[in-house]
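Reproduced below: data.tsv, with TSV, C-alpha atoms and all ligand atoms.
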```
chain	number	residue	atom	x	y	z
I	1	MET	CA	0.00	0.00	0.00
I	2	ALA	CA	2.65	2.44	1.10
I	3	THR	CA	4.87	1.44	-1.77
I	4	GLU	CA	1.97	1.90	-4.16
I	5	ILE	CA	1.47	5.47	-2.92
I	6	ASN	CA	5.21	6.07	-3.04
I	7	LYS	CA	5.32	4.91	-6.58
I	8	GLN	CA	2.58	7.29	-7.59
I	9	LEU	CA	3.61	10.35	-5.65
I	10	GLY	CA	7.36	9.94	-5.42
I	11	ASP	CA	9.05	12.50	-3.21
I	12	ASN	CA	6.21	14.99	-3.41
I	13	VAL	CA	4.45	13.72	-0.30
I	14	PHE	CA	5.83	12.46	2.95
I	15	LEU	CA	4.17	11.45	6.16
I	16	THR	CA	5.16	12.87	9.51
I	17	THR	CA	3.72	14.07	12.78
I	18	ILE	CA	2.60	17.61	13.26
I	19	ASP	CA	5.07	17.97	16.14
I	20	ALA	CA	7.96	17.01	13.91
I	21	ALA	CA	6.83	19.30	11.13
I	22	ALA	CA	6.42	22.27	13.46
I	23	SER	CA	9.77	21.62	15.13
I	24	TRP	CA	11.50	21.26	11.79
I	25	ALA	CA	10.17	24.63	10.72
I	26	ARG	CA	11.05	26.27	14.00
I	27	ALA	CA	14.52	24.83	14.15
I	28	ASN	CA	15.38	26.22	10.76
I	29	SER	CA	13.99	29.67	11.30
I	30	LEU	CA	15.42	30.72	14.64
I	31	TRP	CA	15.31	34.46	15.07
I	32	PRO	CA	17.92	35.39	17.67
I	33	MET	CA	17.64	38.23	20.11
I	34	PRO	CA	21.23	39.44	20.55
I	35	PHE	CA	21.51	40.29	24.23
I	36	ALA	CA	25.12	41.36	23.97
I	37	THR	CA	26.35	43.10	27.08
I	38	ALA	CA	30.11	42.77	26.79
I	39	CYS	CA	33.03	41.52	24.74
I	40	CYS	CA	31.28	38.28	23.74
I	41	GLY	CA	28.93	40.48	21.76
I	42	ILE	CA	31.76	41.23	19.35
I	43	GLU	CA	32.11	37.53	18.66
I	44	LEU	CA	28.36	37.29	18.22
I	45	MET	CA	28.50	40.04	15.62
I	46	SER	CA	31.37	38.31	13.91
I	47	THR	CA	29.33	35.11	13.79
I	48	ALA	CA	26.57	36.92	11.99
I	49	ALA	CA	28.92	38.77	9.66
I	50	SER	CA	30.14	37.59	6.29
I	51	LYS	CA	33.11	35.49	7.35
I	52	HIS	CA	31.22	33.03	9.53
I	53	ASP	CA	27.77	33.80	8.16
I	54	LEU	CA	25.31	32.42	10.64
I	55	SER	CA	22.52	32.67	8.07
I	56	ARG	CA	23.81	29.51	6.42
I	57	PHE	CA	22.29	27.69	9.39
I	58	GLY	CA	18.83	29.15	9.31
I	59	SER	CA	19.33	31.63	12.07
I	60	GLU	CA	20.02	34.83	10.30
I	61	VAL	CA	17.51	37.44	11.32
I	62	MET	CA	18.71	39.20	14.43
I	63	ARG	CA	15.80	41.16	15.79
I	64	PHE	CA	16.20	43.89	18.31
I	65	THR	CA	12.70	43.59	19.61
I	66	PRO	CA	12.03	40.57	21.80
I	67	ARG	CA	8.52	40.19	20.45
I	68	GLN	CA	9.85	38.95	17.14
I	69	CYS	CA	12.45	36.57	18.55
I	70	ASP	CA	12.50	33.01	19.71
I	71	LEU	CA	16.15	32.56	20.67
I	72	MET	CA	17.89	34.73	23.19
I	73	ILE	CA	21.68	34.73	22.98
I	74	VAL	CA	23.07	36.23	26.18
I	75	ALA	CA	26.60	37.25	25.24
I	76	GLY	CA	28.52	38.86	28.03
I	77	ARG	CA	28.43	39.46	31.73
I	78	VAL	CA	25.13	40.41	33.29
I	79	VAL	CA	25.22	42.73	36.25
I	80	MET	CA	22.62	43.04	38.95
I	81	LYS	CA	21.13	46.13	37.34
I	82	MET	CA	20.72	44.26	34.08
I	83	ILE	CA	18.97	41.16	35.41
I	84	PRO	CA	15.51	42.80	35.67
I	85	VAL	CA	15.92	44.00	32.08
I	86	LEU	CA	17.03	40.57	30.95
I	87	GLN	CA	14.10	38.90	32.66
I	88	ARG	CA	11.67	41.37	31.20
I	89	ILE	CA	12.99	40.80	27.71
I	90	TRP	CA	12.76	37.05	28.25
I	91	LEU	CA	9.16	37.34	29.37
I	92	GLN	CA	8.32	39.48	26.35
I	93	MET	CA	9.54	36.86	23.91
I	94	PRO	CA	6.70	34.67	22.57
I	95	GLU	CA	6.76	30.95	23.17
I	96	PRO	CA	8.30	28.66	22.16
I	97	LYS	CA	11.64	30.25	22.98
I	98	TRP	CA	15.13	29.13	23.80
I	99	CYS	CA	18.14	30.64	25.48
I	100	ILE	CA	21.84	30.29	24.77
I	101	SER	CA	24.24	31.41	27.45
I	102	MET	CA	27.35	32.46	25.58
I	103	GLY	CA	30.74	32.74	27.25
I	104	ALA	CA	32.17	32.16	30.69
I	105	CYS	CA	30.58	35.30	32.10
I	106	ALA	CA	27.01	34.54	31.13
I	107	CYS	CA	27.42	30.91	32.24
I	108	SER	CA	29.14	31.46	35.56
I	109	GLY	CA	30.18	35.05	36.09
I	110	GLY	CA	33.61	34.28	34.70
I	111	VAL	CA	36.44	36.06	36.42
I	112	PHE	CA	34.10	38.77	37.67
I	113	ASP	CA	33.30	37.39	41.08
I	114	THR	CA	32.20	40.73	42.51
I	115	TYR	CA	29.20	42.17	44.26
I	116	ALA	CA	27.65	43.45	41.05
I	117	VAL	CA	28.03	40.58	38.58
I	118	VAL	CA	25.49	37.79	38.53
I	119	GLN	CA	27.23	34.44	38.80
I	120	GLY	CA	25.50	32.78	35.90
I	121	ILE	CA	22.26	33.80	34.25
I	122	ASP	CA	20.89	30.30	34.79
I	123	ARG	CA	20.23	31.29	38.37
I	124	PHE	CA	17.35	33.42	37.15
I	125	LEU	CA	16.50	32.18	33.67
I	126	PRO	CA	16.10	28.82	31.99
I	127	VAL	CA	19.10	28.17	29.76
I	128	ASP	CA	19.15	25.56	26.99
I	129	ILE	CA	22.73	25.64	25.75
I	130	TYR	CA	25.90	26.82	27.47
I	131	ILE	CA	28.91	27.85	25.44
I	132	PRO	CA	32.22	27.88	27.33
I	133	GLY	CA	35.06	30.15	26.32
I	134	CYS	CA	36.25	33.66	26.84
I	135	PRO	CA	35.11	34.59	24.29
I	136	PRO	CA	33.85	31.49	22.45
I	137	ARG	CA	34.88	31.21	18.82
I	138	PRO	CA	32.15	31.93	16.29
I	139	GLU	CA	32.35	28.27	15.33
I	140	GLN	CA	31.36	27.37	18.87
I	141	LEU	CA	28.30	29.59	18.63
I	142	ILE	CA	27.39	28.05	15.29
I	143	LYS	CA	27.80	24.60	16.84
I	144	ALA	CA	25.61	25.64	19.73
I	145	ILE	CA	22.88	26.80	17.37
I	146	MET	CA	23.14	23.55	15.43
I	147	ASP	CA	22.89	21.60	18.68
I	148	LEU	CA	19.88	23.65	19.62
I	149	GLN	CA	18.31	22.88	16.27
I	150	ASP	CA	18.89	19.19	16.94
I	151	LYS	CA	17.34	19.55	20.32
I	152	ILE	CA	14.32	21.37	18.93
I	153	LYS	CA	13.86	18.75	16.24
I	154	LYS	CA	14.09	15.92	18.77
I	155	THR	CA	12.04	17.31	21.62
I	156	GLY	CA	9.86	20.06	20.14
I	157	THR	CA	6.10	19.90	20.08
I	158	TYR	CA	3.79	22.08	18.05
I	159	ASP	CA	2.17	23.65	21.14
I	160	ALA	CA	5.44	23.80	23.12
I	161	ARG	CA	4.07	21.55	25.84
I	162	GLU	CA	7.55	20.14	26.50
I	163	PHE	CA	8.36	23.38	28.31
I	164	LYS	CA	5.64	22.79	30.82
I	165	LEU	CA	7.50	19.72	32.03
I	166	ARG	CA	10.76	21.53	32.52
I	167	ILE	CA	10.76	23.19	35.89
I	168	LEU	CA	13.43	23.65	38.52
I	169	PRO	CA	14.77	20.31	39.71
I	170	ASP	CA	14.03	19.04	43.20
I	171	GLY	CA	16.73	17.63	45.39
I	172	PRO	CA	19.89	19.05	46.89
I	173	LYS	CA	20.72	22.60	45.92
I	174	ARG	CA	24.17	23.80	45.11
I	175	PHE	CA	26.12	25.60	47.77
I	176	ASP	CA	25.72	29.34	47.53
I	177	GLU	CA	28.58	31.42	48.92
I	178	ASP	CA	26.35	34.45	49.20
I	179	GLU	CA	24.07	32.47	51.42
I	180	LEU	CA	27.06	31.83	53.69
I	181	VAL	CA	27.66	35.56	53.94
I	182	ARG	CA	24.01	36.13	54.82
I	183	ILE	CA	24.05	33.37	57.45
I	184	ARG	CA	27.18	34.80	59.04
I	185	GLU	CA	25.71	38.28	59.14
I	186	ARG	CA	22.51	36.96	60.68
I	187	ASN	CA	24.63	35.37	63.40
I	188	GLY	CA	26.46	38.60	64.12
I	189	PHE	CA	29.70	37.77	62.37
I	190	LYS	CA	31.64	41.01	62.10
I	191	LEU	CA	33.40	41.67	58.86
I	192	ASP	CA	35.43	44.57	60.11
I	193	GLU	CA	37.41	42.55	62.65
I	194	PRO	CA	40.90	42.66	61.21
I	195	LYS	CA	41.71	39.06	60.36
I	196	TYR	CA	45.00	39.69	58.65
I	197	ASP	CA	47.49	42.48	58.27
I	198	PRO	CA	46.95	43.80	54.74
I	199	ILE	CA	50.43	45.25	54.43
I	200	HIS	CA	52.83	42.83	56.11
O	1	MET	CA	56.08	75.89	39.66
O	2	THR	CA	55.64	79.63	39.89
O	3	ALA	CA	51.95	79.30	39.21
O	4	ALA	CA	51.56	76.79	42.02
O	5	THR	CA	53.35	79.08	44.40
O	6	ASN	CA	50.86	81.69	43.37
O	7	MET	CA	47.98	79.32	44.28
O	8	LYS	CA	49.64	78.78	47.61
O	9	GLU	CA	49.79	82.51	48.29
O	10	VAL	CA	46.20	83.02	47.21
O	11	LEU	CA	44.94	80.20	49.36
O	12	GLU	CA	46.95	81.16	52.40
O	13	SER	CA	45.99	84.82	52.23
O	14	LYS	CA	42.32	83.95	51.90
O	15	LEU	CA	42.27	81.24	54.58
O	16	GLY	CA	44.53	82.93	57.08
O	17	GLY	CA	45.23	80.86	60.14
O	18	VAL	CA	43.93	77.59	58.70
O	19	SER	CA	46.46	74.79	58.75
O	20	LEU	CA	47.02	73.78	55.14
O	21	VAL	CA	49.37	70.91	54.53
O	22	TRP	CA	51.22	71.30	51.23
O	23	SER	CA	53.16	68.55	49.55
O	24	ALA	CA	54.56	67.94	46.10
O	25	PHE	CA	55.55	64.94	44.06
O	26	ARG	CA	57.12	65.35	40.61
O	27	ASP	CA	55.52	68.72	39.88
O	28	GLN	CA	52.17	67.64	41.23
O	29	ASN	CA	51.07	69.89	44.04
O	30	ARG	CA	48.73	68.74	46.74
O	31	VAL	CA	47.11	70.53	49.61
O	32	ALA	CA	45.16	69.06	52.49
O	33	VAL	CA	42.44	71.37	53.75
O	34	PRO	CA	40.47	70.82	56.96
O	35	VAL	CA	36.90	69.83	56.22
O	36	SER	CA	35.54	72.96	57.91
O	37	HIS	CA	37.21	75.17	55.29
O	38	ILE	CA	36.87	73.07	52.17
O	39	ALA	CA	34.02	75.14	50.69
O	40	ALA	CA	35.93	78.40	51.11
O	41	ALA	CA	39.10	76.83	49.73
O	42	LEU	CA	37.37	75.49	46.62
O	43	GLN	CA	35.63	78.81	45.96
O	44	THR	CA	38.93	80.65	46.35
O	45	LEU	CA	40.70	78.35	43.93
O	46	ARG	CA	37.86	78.69	41.43
O	47	ASP	CA	38.13	82.47	41.63
O	48	ALA	CA	41.90	82.22	41.24
O	49	GLY	CA	41.55	80.50	37.88
O	50	MET	CA	41.05	76.80	38.61
O	51	ASP	CA	38.12	76.64	36.23
O	52	GLN	CA	37.82	72.90	35.69
O	53	LEU	CA	36.98	70.24	38.22
O	54	VAL	CA	38.53	67.15	36.68
O	55	ASP	CA	37.39	64.61	39.23
O	56	ILE	CA	36.19	64.05	42.73
O	57	THR	CA	37.06	60.76	44.28
O	58	ALA	CA	37.68	59.29	47.69
O	59	VAL	CA	39.96	56.81	49.41
O	60	ASP	CA	39.00	54.56	52.28
O	61	MET	CA	41.95	54.52	54.66
O	62	LEU	CA	40.67	51.68	56.81
O	63	GLU	CA	43.60	49.78	58.34
O	64	TYR	CA	46.03	51.85	56.30
O	65	PRO	CA	49.33	52.13	58.18
O	66	GLY	CA	49.88	55.59	59.59
O	67	ALA	CA	46.54	57.01	58.52
O	68	THR	CA	44.54	58.95	61.09
O	69	ASP	CA	41.34	59.62	59.19
O	70	ARG	CA	38.99	57.10	57.66
O	71	PHE	CA	38.05	58.75	54.36
O	72	GLU	CA	40.07	61.06	52.19
O	73	VAL	CA	38.10	63.02	49.58
O	74	VAL	CA	40.21	64.18	46.66
O	75	TYR	CA	39.40	67.04	44.27
O	76	LEU	CA	41.48	67.26	41.10
O	77	LEU	CA	41.51	70.80	39.73
O	78	LEU	CA	42.79	72.18	36.45
O	79	ASN	CA	43.41	75.69	35.20
O	80	THR	CA	42.53	75.38	31.52
O	81	THR	CA	44.39	78.57	30.63
O	82	SER	CA	47.74	77.88	32.22
O	83	GLY	CA	47.52	74.08	32.33
O	84	GLU	CA	48.32	74.11	36.00
O	85	ARG	CA	46.87	71.40	38.22
O	86	LEU	CA	46.22	71.13	41.91
O	87	THR	CA	45.03	68.26	44.07
O	88	VAL	CA	42.94	69.26	47.04
O	89	LYS	CA	42.35	66.71	49.77
O	90	THR	CA	40.15	66.74	52.79
O	91	HIS	CA	39.40	64.14	55.42
O	92	VAL	CA	36.11	62.97	56.91
O	93	ASN	CA	35.40	60.46	59.61
O	94	GLU	CA	32.41	58.48	60.75
O	95	PRO	CA	29.80	59.34	61.87
O	96	GLU	CA	30.17	62.84	60.40
O	97	LEU	CA	30.47	61.80	56.75
O	98	LYS	CA	29.40	65.17	55.43
O	99	LEU	CA	30.91	67.71	53.11
O	100	PRO	CA	29.55	70.86	51.50
O	101	SER	CA	28.70	70.25	47.85
O	102	ALA	CA	30.95	71.75	45.19
O	103	CYS	CA	28.04	72.08	42.77
O	104	PRO	CA	27.65	75.84	43.29
O	105	VAL	CA	31.32	76.25	42.42
O	106	TRP	CA	31.66	73.81	39.51
O	107	PHE	CA	28.47	72.50	37.98
O	108	GLY	CA	30.36	69.41	36.89
O	109	ALA	CA	30.55	68.26	40.49
O	110	ASP	CA	27.01	66.93	40.21
O	111	TRP	CA	27.63	63.37	39.07
O	112	LEU	CA	31.07	63.16	40.65
O	113	GLU	CA	29.65	63.77	44.10
O	114	ARG	CA	26.84	61.34	43.51
O	115	GLU	CA	29.37	58.71	42.51
O	116	VAL	CA	31.42	59.28	45.63
O	117	TYR	CA	28.25	58.92	47.68
O	118	ASP	CA	27.35	55.78	45.78
O	119	MET	CA	30.64	54.09	46.46
O	120	PHE	CA	31.64	55.47	49.88
O	121	GLY	CA	28.51	56.88	51.48
O	122	ILE	CA	29.91	60.36	51.92
O	123	VAL	CA	27.09	62.92	51.90
O	124	PHE	CA	27.47	66.20	50.03
O	125	GLU	CA	25.19	68.79	51.54
O	126	GLY	CA	23.56	71.35	49.29
O	127	HIS	CA	23.68	69.11	46.23
O	128	PRO	CA	20.66	69.81	43.98
O	129	ASN	CA	19.77	66.17	43.23
O	130	PHE	CA	21.41	63.93	45.77
O	131	LYS	CA	20.88	60.23	45.18
O	132	ARG	CA	22.77	57.20	43.96
O	133	LEU	CA	24.28	57.47	40.52
O	134	LEU	CA	25.42	54.01	39.43
O	135	LEU	CA	23.89	51.46	41.75
O	136	PRO	CA	20.16	50.79	42.07
O	137	ASP	CA	18.33	52.99	44.56
O	138	ALA	CA	17.48	49.95	46.67
O	139	PHE	CA	21.16	49.12	47.21
O	140	GLU	CA	22.01	49.58	50.86
O	141	SER	CA	25.77	49.30	51.14
O	142	PHE	CA	28.66	51.34	49.85
O	143	PRO	CA	30.77	48.89	47.90
O	144	LEU	CA	34.12	50.65	47.70
O	145	ARG	CA	34.45	50.75	51.45
O	146	LYS	CA	37.14	48.40	52.62
O	147	ASP	CA	34.85	46.65	55.07
O	148	TYR	CA	32.43	45.65	52.33
O	149	PRO	CA	33.08	42.10	51.09
O	150	VAL	CA	34.14	42.01	47.45
O	151	LYS	CA	31.47	39.42	46.68
O	152	GLY	CA	28.83	41.59	48.25
O	153	ARG	CA	26.20	40.69	50.77
O	154	GLY	CA	24.00	38.70	48.42
O	155	GLU	CA	22.66	41.72	46.51
O	156	ARG	CA	23.65	40.16	43.23
O	157	HIS	CA	21.37	37.19	43.80
O	158	ASN	CA	18.35	38.89	45.23
O	159	PHE	CA	16.09	38.44	42.22
O	160	PRO	CA	13.06	36.33	41.28
O	161	ILE	CA	13.85	33.07	39.50
O	162	ILE	CA	12.03	32.52	36.23
O	163	THR	CA	11.52	28.87	35.35
O	164	ARG	CA	10.38	27.22	32.18
O	165	ALA	CA	7.01	26.44	33.68
O	166	GLU	CA	6.08	30.06	34.15
O	167	SER	CA	7.68	31.92	31.28
I	301	LIG	S1	33.37	35.43	28.67
I	301	LIG	FE1	35.19	36.67	28.22
I	301	LIG	S2	34.76	37.58	26.23
I	301	LIG	FE2	32.79	36.89	27.08
I	301	LIG	S3	31.94	38.65	28.16
I	301	LIG	FE3	33.10	37.46	29.64
I	301	LIG	S4	35.13	38.41	29.64
I	301	LIG	FE4	34.10	39.07	27.78
```

Turn the structure described in the file into structure tokens.
Amino acid sequence: MATEINKQLGDNVFLTTIDAAASWARANSLWPMPFATACCGIELMSTAASKHDLSRFGSEVMRFTPRQCDLMIVAGRVVMKMIPVLQRIWLQMPEPKWCISMGACACSGGVFDTYAVVQGIDRFLPVDIYIPGCPPRPEQLIKAIMDLQDKIKKTGTYDAREFKLRILPDGPKRFDEDELVRIRERNGFKLDEPKYDPIH
Amino acid sequence: MTAATNMKEVLESKLGGVSLVWSAFRDQNRVAVPVSHIAAALQTLRDAGMDQLVDITAVDMLEYPGATDRFEVVYLLLNTTSGERLTVKTHVNEPELKLPSACPVWFGADWLEREVYDMFGIVFEGHPNFKRLLLPDAFESFPLRKDYPVKGRGERHNFPIITRAES
């Protein structure tokens, strides 16, 4: 039966699920929102420019309004003043949407372990792909987008119901050094007791 | 060097009897003025030709060997005609972290003073719009003080967490 149809229609018709068809279309038309806050943004621009040419991979249209985007690329360090902006932009993006955390700073704070720099955007946002590097090569970003396309093709559903399953994991939480500072302060630990001689 | 000597004469004639501590390092002249006379000193220098306020900054001298005062506020002045520069310093201590604003003298002091307040908590009285400049208004500490931990007190992680289920 199937071979009979195949014989008559050839490659003009193929059978698939609606989830797979929707995911295939989405994966190949990712519109990135370039959230470039620091030096990684230069590499992001280079990825989109002629030499590396991100548009070969179906992800060419950078949009500067979140309402037209479905992939947020966070490239650079995010400081505490920027997190509310980042979250707002994320909430303004229509579903289904994905997030790439590009570079050491966006993934973990990088070398900037200071009071102002958020130690990884995944503390406040769901992240799909992490790219290590300082800055990552454009090839790494292209690979990340290709991996994301694979992921979308494998797990995507036409009404994005797979997102509803992905919530914060239960179980043991990671140790938070800031929490230690808060606990110590609650217990009256004094930071201005000189604990070492800064000069000698 | 002659011009700086001139500044010295101007300042000392105007602020007679005030103990000004002059020092120099490689043609850079510095003067430490007591905090009670800083407004008069700055106005005098402005009238004597120091027409540009290059920067206002501060130093936290906590646990610094030999230091007697906690905060040192530094004004960097420039005479744009003669190219002559002068560094004016004054010292403030807790709990009286107050200085008269230099905004009436140089309008450019506006953001500089707000930045010093932001980072050190030193209050400039008479400033037209006195609030934090760089950090969010809800920030409670002054991060460039030496007794503030470099990783902060958890301010950087005091945000709502957005999960996949709700975004
Ligand atoms: S990871 Fe490196 S290149 Fe990227 S924003 Fe941080 S410091 Fe800059």

Once you count all atoms listed in the file, which residues end up within 8 Å of ligand LIG 301 (chain I), and could you hand them over as an MDAnalysis selection string?
-> chainID I and resid 37:41 75:77 102:106 109:111 132:136

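Applying the 10 Å criterion to (46.4, 79.7, 43.9) in file coordinates and using only C-alpha atoms, one obtains the residues Ala3, Ala4, Thr5, Asn6, Met7, Lys8, Glu9, Val10, Leu11, Glu12, Ser13, Lys14, Ala41, Thr44, Leu45, Arg46, Asp47, Ala48, Gly49, Met50, Glu84 and Leu86 of chain O.
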
Please tell me which residues are no farther than 7 Å from (17.8, 45.7, 44.3) in the file, counting only C-alpha atoms, and write them as a list of chain:residue names.
->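 The answer, in the requested form, is O:Pro136, O:Ala138, O:Phe139, O:Glu155, O:Asn158.
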
Which distance in Å separates atom CA of Ala48 of chain I and atom CA of Ile162 of chain O, to one decimal?
->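 Between atom CA of Ala48 of chain I and atom CA of Ile162 of chain O the gap works out to 28.6 Å.
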
Selection: 12 Å around Met45 of chain I, only C-alpha atoms, excl. self and same-chain fewer than 5 positions, as a PyMOL selection string | chain I and resi 32-36+38-40+50-54+60+62+73+75+137-138+141

Go ahead and write the selection's residues with C-alpha atoms as a PDB file, in the frame of the given file.
```pdb
ATOM      1  CA  PRO I  32      17.920  35.390  17.670  1.00  0.00           C
ATOM      2  CA  MET I  33      17.640  38.230  20.110  1.00  0.00           C
ATOM      3  CA  PRO I  34      21.230  39.440  20.550  1.00  0.00           C
ATOM      4  CA  PHE I  35      21.510  40.290  24.230  1.00  0.00           C
ATOM      5  CA  ALA I  36      25.120  41.360  23.970  1.00  0.00           C
ATOM      6  CA  ALA I  38      30.110  42.770  26.790  1.00  0.00           C
ATOM      7  CA  CYS I  39      33.030  41.520  24.740  1.00  0.00           C
ATOM      8  CA  CYS I  40      31.280  38.280  23.740  1.00  0.00           C
ATOM      9  CA  SER I  50      30.140  37.590   6.290  1.00  0.00           C
ATOM     10  CA  LYS I  51      33.110  35.490   7.350  1.00  0.00           C
ATOM     11  CA  HIS I  52      31.220  33.030   9.530  1.00  0.00           C
ATOM     12  CA  ASP I  53      27.770  33.800   8.160  1.00  0.00           C
ATOM     13  CA  LEU I  54      25.310  32.420  10.640  1.00  0.00           C
ATOM     14  CA  GLU I  60      20.020  34.830  10.300  1.00  0.00           C
ATOM     15  CA  MET I  62      18.710  39.200  14.430  1.00  0.00           C
ATOM     16  CA  ILE I  73      21.680  34.730  22.980  1.00  0.00           C
ATOM     17  CA  ALA I  75      26.600  37.250  25.240  1.00  0.00           C
ATOM     18  CA  ARG I 137      34.880  31.210  18.820  1.00  0.00           C
ATOM     19  CA  PRO I 138      32.150  31.930  16.290  1.00  0.00           C
ATOM     20  CA  LEU I 141      28.300  29.590  18.630  1.00  0.00           C
TER      21      LEU I 141
END
```

Near Asn93 of chain O, within 9 Å and counting only C-alpha atoms, which residues show up once chain neighbours fewer than 5 positions away are dropped, as a list in words?
->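 Residues meeting the cut-off are Asp69, Arg70, Phe71, Glu72 and Lys98 of chain O.
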
Complete the atom set of segment 84-101 of chain O to N, CA and C atoms and return it as a short mmCIF file (atom, residue, chain, number, x, y, z; two decimals), in the coordinates of the input.
```cif
data_model
loop_
_atom_site.label_atom_id
_atom_site.label_comp_id
_atom_site.auth_asym_id
_atom_site.auth_seq_id
_atom_site.Cartn_x
_atom_site.Cartn_y
_atom_site.Cartn_z
N GLU O 84 47.83 74.46 34.67
CA GLU O 84 48.32 74.11 36.00
C GLU O 84 47.28 73.26 36.74
N ARG O 85 47.78 72.30 37.51
CA ARG O 85 46.87 71.40 38.22
C ARG O 85 47.11 71.46 39.70
N LEU O 86 46.08 71.17 40.46
CA LEU O 86 46.22 71.13 41.91
C LEU O 86 45.30 70.04 42.45
N THR O 87 45.82 69.29 43.41
CA THR O 87 45.03 68.26 44.07
C THR O 87 44.67 68.76 45.46
N VAL O 88 43.39 68.81 45.73
CA VAL O 88 42.94 69.26 47.04
C VAL O 88 42.37 68.06 47.78
N LYS O 89 42.84 67.87 48.99
CA LYS O 89 42.35 66.71 49.77
C LYS O 89 41.70 67.21 51.03
N THR O 90 40.72 66.46 51.49
CA THR O 90 40.15 66.74 52.79
C THR O 90 39.76 65.41 53.43
N HIS O 91 39.61 65.40 54.73
CA HIS O 91 39.40 64.14 55.42
C HIS O 91 38.10 64.17 56.20
N VAL O 92 37.35 63.08 56.13
CA VAL O 92 36.11 62.97 56.91
C VAL O 92 36.15 61.65 57.66
N ASN O 93 35.43 61.65 58.77
CA ASN O 93 35.40 60.46 59.61
C ASN O 93 33.96 60.13 59.96
N GLU O 94 33.71 58.86 60.25
CA GLU O 94 32.41 58.48 60.75
C GLU O 94 32.24 59.02 62.16
N PRO O 95 31.06 59.40 62.61
CA PRO O 95 29.80 59.34 61.87
C PRO O 95 29.50 60.60 61.08
N GLU O 96 30.42 61.57 61.09
CA GLU O 96 30.17 62.84 60.40
C GLU O 96 30.64 62.79 58.96
N LEU O 97 30.03 61.93 58.15
CA LEU O 97 30.47 61.80 56.75
C LEU O 97 29.77 62.85 55.90
N LYS O 98 30.10 64.10 56.15
CA LYS O 98 29.40 65.17 55.43
C LYS O 98 30.40 66.18 54.91
N LEU O 99 30.09 66.68 53.72
CA LEU O 99 30.91 67.71 53.11
C LEU O 99 29.97 68.69 52.43
N PRO O 100 30.37 69.96 52.31
CA PRO O 100 29.55 70.86 51.50
C PRO O 100 29.72 70.51 50.03
N SER O 101 28.64 70.59 49.28
CA SER O 101 28.70 70.25 47.85
C SER O 101 29.51 71.29 47.09
#
```
